[in-house]
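Novice: Contents of upload.csv (CSV, C-alpha atoms) are below:
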chain,number,residue,atom,x,y,z
A,1,MET,CA,0.0,0.0,0.0
A,2,ALA,CA,1.2,3.5,-0.8
A,3,VAL,CA,0.1,6.9,0.6
A,4,VAL,CA,0.7,9.7,-1.9
A,5,PHE,CA,0.5,13.5,-1.5
A,6,LEU,CA,-0.4,15.3,-4.8
A,7,SER,CA,-0.6,18.9,-5.7
A,8,ILE,CA,-1.4,20.1,-9.2
A,9,THR,CA,-1.0,23.8,-10.1
A,10,PRO,CA,-1.4,25.5,-13.5
A,11,LEU,CA,1.0,28.3,-14.2
A,12,GLY,CA,0.4,31.5,-16.2
A,13,THR,CA,-3.4,31.4,-16.0
A,14,GLY,CA,-3.6,35.2,-15.4
A,15,THR,CA,-5.3,34.7,-12.1
A,16,PRO,CA,-3.7,33.7,-8.8
A,17,SER,CA,-6.8,31.6,-7.9
A,18,VAL,CA,-6.4,27.9,-8.7
A,19,SER,CA,-9.4,26.5,-6.9
A,20,THR,CA,-11.3,25.9,-10.1
A,21,TYR,CA,-8.5,23.7,-11.4
A,22,VAL,CA,-8.1,22.0,-8.0
A,23,ALA,CA,-11.9,21.2,-7.9
A,24,GLY,CA,-11.6,19.9,-11.5
A,25,VAL,CA,-8.9,17.4,-10.7
A,26,GLU,CA,-10.5,16.5,-7.4
A,27,LYS,CA,-13.7,15.5,-9.2
A,28,ILE,CA,-11.7,13.0,-11.3
A,29,LEU,CA,-10.2,11.5,-8.1
A,30,ARG,CA,-13.6,11.2,-6.4
A,31,GLY,CA,-14.9,9.4,-9.5
A,32,THR,CA,-12.6,6.5,-8.5
A,33,GLN,CA,-12.7,3.9,-5.7
A,34,LEU,CA,-9.6,5.2,-4.1
A,35,THR,CA,-9.6,6.6,-0.6
A,36,SER,CA,-8.4,10.2,-0.5
A,37,GLN,CA,-8.4,13.3,1.7
A,38,LEU,CA,-8.4,16.8,0.3
A,39,THR,CA,-6.3,19.2,2.3
A,40,ALA,CA,-5.4,22.9,1.9
A,41,MET,CA,-2.1,22.1,0.3
A,42,GLY,CA,-2.9,19.1,-1.9
A,43,THR,CA,-4.8,15.8,-1.8
A,44,ILE,CA,-3.6,12.6,-0.1
A,45,ILE,CA,-4.5,9.3,-1.7
A,46,GLU,CA,-4.0,5.8,-0.4
A,47,GLY,CA,-4.1,2.4,-2.2
A,48,ASP,CA,-2.3,0.5,-4.9
A,49,LEU,CA,0.5,2.6,-6.2
A,50,ASP,CA,-0.2,1.9,-9.9
A,51,GLU,CA,-3.9,2.7,-9.5
A,52,ILE,CA,-2.9,6.0,-7.8
A,53,LEU,CA,-0.4,6.9,-10.5
A,54,ALA,CA,-2.9,6.1,-13.2
A,55,VAL,CA,-5.5,8.5,-11.8
A,56,ILE,CA,-2.8,11.1,-11.1
A,57,ARG,CA,-1.9,11.0,-14.8
A,58,LYS,CA,-5.5,11.8,-15.7
A,59,MET,CA,-5.7,14.5,-13.0
A,60,HIS,CA,-2.5,16.1,-14.3
A,61,GLU,CA,-4.0,16.3,-17.8
A,62,HIS,CA,-7.2,18.1,-16.7
A,63,PRO,CA,-6.0,21.7,-16.4
A,64,PHE,CA,-4.8,21.6,-20.0
A,65,THR,CA,-8.5,20.8,-21.0
A,66,GLN,CA,-9.4,24.0,-19.0
A,67,GLY,CA,-7.1,26.2,-21.0
A,68,ALA,CA,-3.8,26.0,-19.0
A,69,VAL,CA,-0.6,25.6,-21.1
A,70,ARG,CA,1.7,24.8,-18.3
A,71,VAL,CA,1.1,22.6,-15.3
A,72,SER,CA,3.3,21.9,-12.3
A,73,THR,CA,2.5,18.6,-10.6
A,74,PHE,CA,4.0,17.6,-7.3
A,75,ILE,CA,3.9,14.0,-6.1
A,76,LYS,CA,5.3,12.6,-2.9
A,77,ILE,CA,5.0,8.8,-2.5
A,78,ASP,CA,5.3,7.1,0.8
A,79,ASP,CA,5.5,3.4,-0.1
A,80,ARG,CA,5.9,1.1,2.9
A,81,ARG,CA,5.8,-2.7,2.6
A,82,ASP,CA,6.6,-4.1,6.0
A,83,LYS,CA,3.4,-2.8,7.6
A,84,PRO,CA,-0.1,-4.0,6.3
A,85,ASP,CA,-1.8,-1.0,7.9
A,86,HIS,CA,0.1,1.6,5.9
A,87,SER,CA,-2.8,3.9,5.2
A,88,ILE,CA,-4.0,7.5,5.9
A,89,ALA,CA,-5.7,6.5,9.1
A,90,GLY,CA,-2.9,4.1,10.1
A,91,LYS,CA,-0.2,6.8,9.7
A,92,MET,CA,-2.3,9.3,11.6
A,93,ARG,CA,-3.0,6.9,14.5
A,94,SER,CA,0.7,6.0,14.9
A,95,VAL,CA,1.6,9.7,15.4
A,96,GLU,CA,-1.5,10.7,17.5
A,97,GLU,CA,-0.9,7.8,19.9
A,98,LYS,CA,2.5,9.3,20.6
A,99,LEU,CA,1.1,12.8,21.2
A,100,ARG,CA,-1.2,11.8,24.1
B,1,MET,CA,-0.7,35.1,5.3
B,2,ALA,CA,1.0,31.9,4.2
B,3,VAL,CA,-0.1,28.3,4.2
B,4,VAL,CA,2.9,25.9,4.4
B,5,PHE,CA,3.1,22.1,4.0
B,6,LEU,CA,6.0,20.6,6.0
B,7,SER,CA,7.4,17.1,6.2
B,8,ILE,CA,10.4,16.2,8.3
B,9,THR,CA,12.0,12.7,7.9
B,10,PRO,CA,15.1,11.3,9.5
B,11,LEU,CA,17.2,9.0,7.3
B,12,GLY,CA,19.3,6.0,8.3
B,13,THR,CA,17.6,5.5,11.6
B,14,GLY,CA,17.6,1.7,11.2
B,15,THR,CA,13.8,1.5,11.5
B,16,PRO,CA,11.3,2.4,8.7
B,17,SER,CA,9.0,3.9,11.4
B,18,VAL,CA,9.3,7.6,11.7
B,19,SER,CA,6.2,8.3,13.9
B,20,THR,CA,8.2,8.9,17.0
B,21,TYR,CA,10.2,11.6,15.2
B,22,VAL,CA,7.0,13.1,13.6
B,23,ALA,CA,5.3,13.2,17.1
B,24,GLY,CA,8.4,14.9,18.5
B,25,VAL,CA,8.3,17.7,15.9
B,26,GLU,CA,4.5,18.0,16.1
B,27,LYS,CA,4.8,18.7,19.9
B,28,ILE,CA,7.1,21.6,19.2
B,29,LEU,CA,4.5,23.1,16.7
B,30,ARG,CA,1.6,22.5,19.1
B,31,GLY,CA,3.6,24.5,21.7
B,32,THR,CA,3.1,27.6,19.5
B,33,GLN,CA,0.1,29.8,18.8
B,34,LEU,CA,0.1,28.9,15.1
B,35,THR,CA,-2.9,27.2,13.6
B,36,SER,CA,-1.9,23.8,12.0
B,37,GLN,CA,-3.4,20.6,10.8
B,38,LEU,CA,-1.5,17.2,11.0
B,39,THR,CA,-2.1,15.0,8.0
B,40,ALA,CA,-0.8,11.6,7.0
B,41,MET,CA,1.8,13.1,4.7
B,42,GLY,CA,3.0,16.1,6.7
B,43,THR,CA,1.7,19.0,8.7
B,44,ILE,CA,0.0,22.2,7.3
B,45,ILE,CA,0.6,25.5,9.1
B,46,GLU,CA,-1.0,28.8,8.5
B,47,GLY,CA,0.1,32.3,9.7
B,48,ASP,CA,2.9,34.8,9.4
B,49,LEU,CA,5.6,33.3,7.1
B,50,ASP,CA,8.5,34.3,9.3
B,51,GLU,CA,6.9,32.8,12.4
B,52,ILE,CA,6.2,29.6,10.5
B,53,LEU,CA,9.8,29.4,9.2
B,54,ALA,CA,11.2,30.0,12.7
B,55,VAL,CA,9.2,27.1,14.2
B,56,ILE,CA,10.1,24.9,11.2
B,57,ARG,CA,13.8,25.6,11.9
B,58,LYS,CA,13.3,24.3,15.5
B,59,MET,CA,11.2,21.3,14.3
B,60,HIS,CA,14.0,20.4,11.7
B,61,GLU,CA,16.6,20.3,14.5
B,62,HIS,CA,14.6,18.0,16.8
B,63,PRO,CA,15.3,14.6,15.2
B,64,PHE,CA,19.1,15.3,15.7
B,65,THR,CA,18.4,15.5,19.4
B,66,GLN,CA,16.8,12.1,19.1
B,67,GLY,CA,19.9,10.5,17.6
B,68,ALA,CA,19.3,11.0,13.9
B,69,VAL,CA,22.4,12.1,11.9
B,70,ARG,CA,20.6,13.0,8.6
B,71,VAL,CA,17.3,14.8,8.2
B,72,SER,CA,15.3,15.5,5.0
B,73,THR,CA,12.9,18.4,5.4
B,74,PHE,CA,10.4,19.3,2.8
B,75,ILE,CA,8.7,22.7,2.8
B,76,LYS,CA,6.1,23.9,0.4
B,77,ILE,CA,5.0,27.5,0.9
B,78,ASP,CA,1.8,29.0,-0.6
B,79,ASP,CA,2.2,32.7,0.0
B,80,ARG,CA,-0.8,34.7,-1.3
B,81,ARG,CA,-1.1,38.5,-0.7
B,82,ASP,CA,-4.2,39.5,-2.8
B,83,LYS,CA,-6.6,37.7,-0.6
B,84,PRO,CA,-7.0,38.4,3.2
B,85,ASP,CA,-8.7,35.0,3.8
B,86,HIS,CA,-5.7,32.9,2.6
B,87,SER,CA,-5.9,30.2,5.3
B,88,ILE,CA,-6.3,26.5,5.7
B,89,ALA,CA,-10.1,26.9,6.1
B,90,GLY,CA,-10.3,29.5,3.3
B,91,LYS,CA,-8.5,27.4,0.8
B,92,MET,CA,-10.6,24.3,1.6
B,93,ARG,CA,-13.8,26.4,1.3
B,94,SER,CA,-12.9,27.8,-2.1
B,95,VAL,CA,-12.4,24.3,-3.5
B,96,GLU,CA,-15.3,22.6,-1.7
B,97,GLU,CA,-17.8,25.3,-3.0
B,98,LYS,CA,-16.8,24.2,-6.5
B,99,LEU,CA,-17.3,20.5,-5.8
B,100,ARG,CA,-21.0,20.8,-4.8
C,1,MET,CA,7.6,17.7,-23.6
C,2,ALA,CA,7.9,17.6,-19.8
C,3,VAL,CA,10.9,18.2,-17.5
C,4,VAL,CA,10.7,16.2,-14.3
C,5,PHE,CA,12.7,16.4,-11.1
C,6,LEU,CA,12.9,13.0,-9.2
C,7,SER,CA,14.3,12.1,-5.9
C,8,ILE,CA,14.1,8.5,-4.5
C,9,THR,CA,15.1,7.9,-0.9
C,10,PRO,CA,14.8,4.6,1.1
C,11,LEU,CA,13.8,5.1,4.8
C,12,GLY,CA,14.8,3.0,7.7
C,13,THR,CA,18.0,1.6,6.2
C,14,GLY,CA,20.7,1.1,8.9
C,15,THR,CA,22.9,3.8,7.3
C,16,PRO,CA,22.3,7.5,6.6
C,17,SER,CA,24.1,7.0,3.2
C,18,VAL,CA,21.8,6.5,0.3
C,19,SER,CA,24.3,6.8,-2.6
C,20,THR,CA,24.2,3.0,-3.3
C,21,TYR,CA,20.4,3.3,-3.8
C,22,VAL,CA,20.7,6.5,-5.9
C,23,ALA,CA,23.3,4.8,-8.1
C,24,GLY,CA,21.1,1.8,-8.5
C,25,VAL,CA,18.1,3.8,-9.7
C,26,GLU,CA,20.3,6.1,-11.9
C,27,LYS,CA,21.6,3.0,-13.7
C,28,ILE,CA,18.0,2.1,-14.7
C,29,LEU,CA,17.5,5.6,-16.0
C,30,ARG,CA,20.7,5.6,-18.0
C,31,GLY,CA,19.6,2.3,-19.6
C,32,THR,CA,16.8,4.3,-21.4
C,33,GLN,CA,17.0,6.8,-24.3
C,34,LEU,CA,15.8,9.6,-22.1
C,35,THR,CA,17.9,12.7,-21.6
C,36,SER,CA,18.6,13.3,-18.0
C,37,GLN,CA,21.0,15.1,-15.6
C,38,LEU,CA,22.1,13.8,-12.2
C,39,THR,CA,22.3,16.5,-9.6
C,40,ALA,CA,23.2,16.5,-5.9
C,41,MET,CA,19.5,16.6,-4.9
C,42,GLY,CA,17.9,14.4,-7.5
C,43,THR,CA,17.9,13.6,-11.2
C,44,ILE,CA,16.2,15.7,-13.9
C,45,ILE,CA,14.6,14.0,-16.8
C,46,GLU,CA,13.2,15.4,-20.0
C,47,GLY,CA,11.0,13.8,-22.7
C,48,ASP,CA,7.5,12.3,-23.1
C,49,LEU,CA,5.7,12.4,-19.8
C,50,ASP,CA,4.4,8.9,-20.0
C,51,GLU,CA,7.8,7.5,-20.9
C,52,ILE,CA,9.3,9.4,-17.9
C,53,LEU,CA,6.6,8.1,-15.5
C,54,ALA,CA,7.1,4.5,-16.7
C,55,VAL,CA,10.9,4.6,-16.0
C,56,ILE,CA,10.2,6.4,-12.7
C,57,ARG,CA,7.9,3.6,-11.6
C,58,LYS,CA,10.8,1.1,-12.3
C,59,MET,CA,13.3,3.3,-10.5
C,60,HIS,CA,11.0,3.6,-7.5
C,61,GLU,CA,10.8,-0.2,-7.2
C,62,HIS,CA,14.5,-0.7,-7.2
C,63,PRO,CA,15.4,0.0,-3.6
C,64,PHE,CA,12.9,-2.7,-2.5
C,65,THR,CA,15.1,-5.2,-4.4
C,66,GLN,CA,18.1,-3.9,-2.4
C,67,GLY,CA,16.4,-4.6,0.9
C,68,ALA,CA,14.6,-1.4,1.7
C,69,VAL,CA,11.1,-1.8,3.1
C,70,ARG,CA,10.0,1.9,2.8
C,71,VAL,CA,10.7,4.3,0.0
C,72,SER,CA,9.9,8.0,-0.3
C,73,THR,CA,9.8,9.1,-3.9
C,74,PHE,CA,9.4,12.8,-4.8
C,75,ILE,CA,8.4,13.8,-8.3
C,76,LYS,CA,8.0,17.4,-9.6
C,77,ILE,CA,6.6,17.6,-13.1
C,78,ASP,CA,7.0,20.8,-15.2
C,79,ASP,CA,4.8,20.1,-18.2
C,80,ARG,CA,4.6,23.0,-20.7
C,81,ARG,CA,2.8,22.8,-24.0
C,82,ASP,CA,3.0,26.2,-25.6
C,83,LYS,CA,6.8,26.0,-26.2
C,84,PRO,CA,8.4,23.4,-28.4
C,85,ASP,CA,11.8,23.9,-26.8
C,86,HIS,CA,10.7,23.0,-23.2
C,87,SER,CA,13.8,21.0,-22.3
C,88,ILE,CA,16.6,21.0,-19.7
C,89,ALA,CA,18.8,23.0,-22.0
C,90,GLY,CA,16.0,25.3,-23.1
C,91,LYS,CA,14.9,26.1,-19.5
C,92,MET,CA,18.6,26.8,-18.5
C,93,ARG,CA,19.1,29.1,-21.5
C,94,SER,CA,16.0,31.2,-20.9
C,95,VAL,CA,17.2,31.9,-17.3
C,96,GLU,CA,20.9,32.4,-18.1
C,97,GLU,CA,20.1,34.9,-20.9
C,98,LYS,CA,18.5,37.0,-18.3
C,99,LEU,CA,21.4,36.7,-15.9
C,100,ARG,CA,23.9,38.3,-18.3
D,1,MET,CA,26.5,21.5,6.3
D,2,ALA,CA,23.2,21.3,4.4
D,3,VAL,CA,22.4,20.9,0.8
D,4,VAL,CA,19.1,22.5,-0.2
D,5,PHE,CA,17.0,22.3,-3.4
D,6,LEU,CA,14.9,25.4,-4.0
D,7,SER,CA,12.3,26.3,-6.5
D,8,ILE,CA,10.3,29.6,-6.5
D,9,THR,CA,7.3,30.0,-8.8
D,10,PRO,CA,4.9,32.9,-9.1
D,11,LEU,CA,1.3,31.9,-9.7
D,12,GLY,CA,-1.4,33.8,-11.6
D,13,THR,CA,1.0,35.8,-13.7
D,14,GLY,CA,-0.4,36.4,-17.2
D,15,THR,CA,2.3,34.3,-18.8
D,16,PRO,CA,3.4,30.7,-18.4
D,17,SER,CA,7.0,31.9,-18.6
D,18,VAL,CA,8.7,32.2,-15.2
D,19,SER,CA,12.3,32.7,-16.3
D,20,THR,CA,12.3,36.4,-15.5
D,21,TYR,CA,11.3,35.7,-12.0
D,22,VAL,CA,13.8,32.8,-11.7
D,23,ALA,CA,16.6,35.1,-13.0
D,24,GLY,CA,15.6,37.7,-10.5
D,25,VAL,CA,15.9,35.3,-7.5
D,26,GLU,CA,19.0,33.7,-8.8
D,27,LYS,CA,20.7,37.2,-8.9
D,28,ILE,CA,20.0,37.6,-5.2
D,29,LEU,CA,21.6,34.2,-4.5
D,30,ARG,CA,24.6,35.0,-6.6
D,31,GLY,CA,25.1,38.1,-4.6
D,32,THR,CA,26.0,36.0,-1.6
D,33,GLN,CA,29.1,33.8,-0.8
D,34,LEU,CA,27.1,30.6,-0.8
D,35,THR,CA,28.0,27.9,-3.3
D,36,SER,CA,25.1,27.1,-5.6
D,37,GLN,CA,24.2,25.4,-8.8
D,38,LEU,CA,21.3,26.5,-11.0
D,39,THR,CA,19.5,23.6,-12.7
D,40,ALA,CA,16.5,23.3,-15.0
D,41,MET,CA,14.1,22.5,-12.1
D,42,GLY,CA,15.5,24.7,-9.3
D,43,THR,CA,18.7,25.9,-7.7
D,44,ILE,CA,20.8,23.8,-5.3
D,45,ILE,CA,22.6,25.6,-2.5
D,46,GLU,CA,25.2,24.2,0.0
D,47,GLY,CA,26.4,25.7,3.3
D,48,ASP,CA,25.2,26.7,6.7
D,49,LEU,CA,21.5,26.0,7.0
D,50,ASP,CA,20.6,29.3,8.6
D,51,GLU,CA,22.5,31.3,6.0
D,52,ILE,CA,20.7,29.4,3.3
D,53,LEU,CA,17.3,29.9,4.8
D,54,ALA,CA,18.0,33.6,5.3
D,55,VAL,CA,18.8,34.1,1.6
D,56,ILE,CA,15.8,31.9,0.6
D,57,ARG,CA,13.6,34.2,2.6
D,58,LYS,CA,14.8,37.1,0.5
D,59,MET,CA,14.6,35.2,-2.7
D,60,HIS,CA,11.0,34.2,-1.9
D,61,GLU,CA,10.1,37.9,-1.4
D,62,HIS,CA,11.5,39.0,-4.8
D,63,PRO,CA,8.6,38.0,-7.2
D,64,PHE,CA,6.2,40.1,-5.1
D,65,THR,CA,8.4,43.1,-5.9
D,66,GLN,CA,8.0,42.2,-9.6
D,67,GLY,CA,4.2,42.3,-9.4
D,68,ALA,CA,3.3,38.7,-8.4
D,69,VAL,CA,0.6,38.3,-5.8
D,70,ARG,CA,1.0,34.6,-5.1
D,71,VAL,CA,4.3,32.7,-4.8
D,72,SER,CA,4.8,29.0,-4.4
D,73,THR,CA,8.2,28.2,-2.9
D,74,PHE,CA,9.5,24.6,-2.6
D,75,ILE,CA,12.4,23.8,-0.3
D,76,LYS,CA,14.0,20.4,0.2
D,77,ILE,CA,16.7,20.3,2.8
D,78,ASP,CA,19.2,17.5,3.1
D,79,ASP,CA,21.0,18.1,6.4
D,80,ARG,CA,23.6,15.5,7.2
D,81,ARG,CA,25.9,15.8,10.3
D,82,ASP,CA,27.9,12.6,10.3
D,83,LYS,CA,29.9,13.4,7.2
D,84,PRO,CA,32.1,16.6,7.0
D,85,ASP,CA,32.1,16.4,3.1
D,86,HIS,CA,28.3,16.8,2.8
D,87,SER,CA,28.3,19.1,-0.2
D,88,ILE,CA,27.1,19.3,-3.8
D,89,ALA,CA,30.4,17.9,-5.1
D,90,GLY,CA,30.7,15.3,-2.3
D,91,LYS,CA,27.1,14.0,-2.9
D,92,MET,CA,27.8,13.8,-6.7
D,93,ARG,CA,31.1,12.0,-6.2
D,94,SER,CA,29.6,9.4,-3.9
D,95,VAL,CA,27.0,8.5,-6.5
D,96,GLU,CA,29.2,8.7,-9.6
D,97,GLU,CA,31.9,6.4,-8.0
D,98,LYS,CA,29.2,3.8,-7.8
D,99,LEU,CA,28.2,4.3,-11.4
D,100,ARG,CA,31.6,3.4,-12.9
In structure tokens, what does this structure look like?
Specialist:
Amino acid sequence: MAVVFLSITPLGTGTPSVSTYVAGVEKILRGTQLTSQLTAMGTIIEGDLDEILAVIRKMHEHPFTQGAVRVSTFIKIDDRRDKPDHSIAGKMRSVEEKLR
Amino acid sequence: MAVVFLSITPLGTGTPSVSTYVAGVEKILRGTQLTSQLTAMGTIIEGDLDEILAVIRKMHEHPFTQGAVRVSTFIKIDDRRDKPDHSIAGKMRSVEEKLR
Amino acid sequence: MAVVFLSITPLGTGTPSVSTYVAGVEKILRGTQLTSQLTAMGTIIEGDLDEILAVIRKMHEHPFTQGAVRVSTFIKIDDRRDKPDHSIAGKMRSVEEKLR
Amino acid sequence: MAVVFLSITPLGTGTPSVSTYVAGVEKILRGTQLTSQLTAMGTIIEGDLDEILAVIRKMHEHPFTQGAVRVSTFIKIDDRRDKPDHSIAGKMRSVEEKLR
């Protein structure tokens, strides 16, 4: 299982607001069966790495269909194979337990 | 106002688990007045950029006090100055409105 | 054409040195026809985005074959479609011209 | 010694080209004594971490003086304290030796 942080940003769109583009790519992700969490700085996705990368590829393409000509996509993969519970909830739990 | 994504990871610690280190740096952040949100892939902080960078510097140092000899720190700054409501909640709201 | 920055780091290995792993993934990249540049903080690759992502997927897998159980892979894609000369050399030239 | 990868990108400018902004921030860096290397995806800086972060703070501010209202700055710190030769050249050498 992998947990992946993703941020997709169009450049040169003439407006500093990117929320329309972020909503557009988020809709593609929410159309899949993958578990994800939208955050203020990007979206976090958990699951099979190849499934995640395939949907990221579609998400990366989307701003071009909305008129962008340059897209900066930022992917941080945390791929752990010694722990079956490597998930968004599992990672949060293992830190929060140590904060009590 | 800036919104900053931060991830601090020690390398070469002999164990693939980093939650002890993550909890250690998170405690430093929670000792400040800054608004932040812990996520599975890093922590998101909002506020004055210089205040944020000052606490990040302390957080970056912490794993060395726990025996790490190499630390990889990852900082993504979203600094927007045309919109007073540039915050974790404000950024989430502007995307979620477009997802309804 | 896309230009992509890639950094692959195993976590939890008993040593803070990762150069053996970096050399291992770099050999996979150099076995392809893609133009790339090794730097001190990661490797930069130019070419067709899907070709790049395919080799990155193989590169990401490599540390697991060397005994790592957790791998952190960071990918930054700069995908620009309004400029045919969007390449490592083209991007460097357009900045250096403005530094003279 | 730390080795730091830095990429500064203005958002919402009317043009997808950012080379003018990149050249602007690179001039600030080259006005210091820090050793750095410009690459196609960002600039790599080596030296004392606090000196590096101080100049990064100035560099981050620069696009706002050129009319940008939103700036995305990405910083990746590789801070290693068990090896005196932790530098751009030292990191390259330790990988290249293993590629021969």
Novice: Find the residues in chain C near chain A: any atom within 7 Å counts, using all atoms listed in the file. Write them as a list in words.
Specialist: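 Applying the cut-off to the listed atoms yields Val69, Arg70, Val71, Ser72, Thr73, Phe74, Ile75, Lys76, Ile77, Asp78, Asp79, Arg80, Arg81 and Asp82 of chain C.
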Novice: Determine, counting all atoms listed in the file, which protein, DNA and RNA residues have an atom within 10 Å of an atom of Ala89 of chain A; residues of the same chain fewer than 5 positions away are not included. Present the result as a VMD selection string.
Specialist: (chain A and resid 46 94) or (chain B and resid 39 to 40)
Novice: Go ahead and compute the interatomic distance for atom CA of Gly12 of chain D and atom CA of Val18 of chain A, in Å to one decimal.
Specialist: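 Separation of atom CA of Gly12 of chain D and atom CA of Val18 of chain A: 8.3 Å.
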Novice: Applying 7 Å and all atoms listed in the file, which residues near Gly14 of chain B remain after dropping the ones on its own chain fewer than 5 positions away? List them as a list of chain:residue names.
Specialist: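 Contacts, in chain order: C:Gly12, C:Thr13, C:Gly14, C:Thr15.
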Novice: Hey, what's within 12 Å of Thr32 of chain C if we count all atoms listed in the file and toss same-chain stuff fewer than 5 positions away? As a list in words, please?
Specialist: Val25, Glu26, Lys27, Ile45, Glu46, Gly47, Glu51, Ile52, Ala54, Val55, Ile56, Lys58 and Met59 of chain C
Novice: Give me, as a ChimeraX atom specification, all polymer residues having an atom no more than 12 Å from Arg93 of chain D, counting only C-alpha atoms and skipping those fewer than 3 positions away in the same chain.
Specialist: /C:19-20,22-23,38-40 /D:85-90,96-100
Novice: So what do you get for atom CA of Met41 of chain A versus atom CA of Thr43 of chain D, distance-wise?
Specialist: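 That distance, rounded to one decimal, is 22.6 Å.
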Novice: Using the file's own x, y and z axes, what box holds all listed atoms of segment 39-51 of chain A with 6 Å on each side, keeping edges along x, y and z, and what are its centre and edge lengths in Å to one decimal, as JSON?
Specialist:
{"center_x": -2.9, "center_y": 11.7, "center_z": -3.8, "size_x": 18.8, "size_y": 34.4, "size_z": 24.2}
Novice: Just how far from atom CA of Pro63 of chain A is atom CA of Leu34 of chain A, in Å to one decimal?
Specialist: 20.9 Å
Novice: Please fill the gaps in segment 86-91 of chain B so it has all heavy atoms, and write that as a short mmCIF file (atom, residue, chain, number, x, y, z; two decimals), keeping the file's coordinate frame.
Specialist:
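Final file, part10.cif:
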data_model
loop_
_atom_site.label_atom_id
_atom_site.label_comp_id
_atom_site.auth_asym_id
_atom_site.auth_seq_id
_atom_site.Cartn_x
_atom_site.Cartn_y
_atom_site.Cartn_z
N HIS B 86 -6.57 34.05 3.07
CA HIS B 86 -5.70 32.90 2.60
C HIS B 86 -5.32 32.12 3.82
O HIS B 86 -4.36 32.42 4.53
CB HIS B 86 -4.48 33.50 1.89
CG HIS B 86 -3.63 32.46 1.25
ND1 HIS B 86 -4.11 31.58 0.32
CD2 HIS B 86 -2.33 32.12 1.45
CE1 HIS B 86 -3.14 30.78 -0.07
NE2 HIS B 86 -2.05 31.06 0.61
N SER B 87 -6.10 31.07 4.08
CA SER B 87 -5.90 30.20 5.30
C SER B 87 -6.23 28.79 4.93
O SER B 87 -6.74 28.51 3.84
CB SER B 87 -6.83 30.72 6.38
OG SER B 87 -8.18 30.54 5.92
N ILE B 88 -5.97 27.89 5.88
CA ILE B 88 -6.30 26.50 5.70
C ILE B 88 -7.81 26.37 5.36
O ILE B 88 -8.21 25.81 4.33
CB ILE B 88 -5.90 25.63 6.89
CG1 ILE B 88 -4.37 25.61 7.03
CG2 ILE B 88 -6.47 24.22 6.79
CD1 ILE B 88 -3.86 24.95 8.30
N ALA B 89 -8.62 26.98 6.22
CA ALA B 89 -10.10 26.90 6.10
C ALA B 89 -10.53 27.60 4.77
O ALA B 89 -11.35 27.10 4.01
CB ALA B 89 -10.78 27.49 7.26
N GLY B 90 -9.94 28.75 4.52
CA GLY B 90 -10.30 29.50 3.30
C GLY B 90 -10.02 28.78 2.04
O GLY B 90 -10.82 28.73 1.11
N LYS B 91 -8.84 28.16 1.98
CA LYS B 91 -8.50 27.40 0.80
C LYS B 91 -9.38 26.19 0.60
O LYS B 91 -9.81 25.90 -0.51
CB LYS B 91 -7.00 26.93 0.89
CG LYS B 91 -5.97 28.02 0.72
CD LYS B 91 -4.55 27.47 0.69
CE LYS B 91 -4.26 26.77 -0.64
NZ LYS B 91 -2.87 26.30 -0.75
#
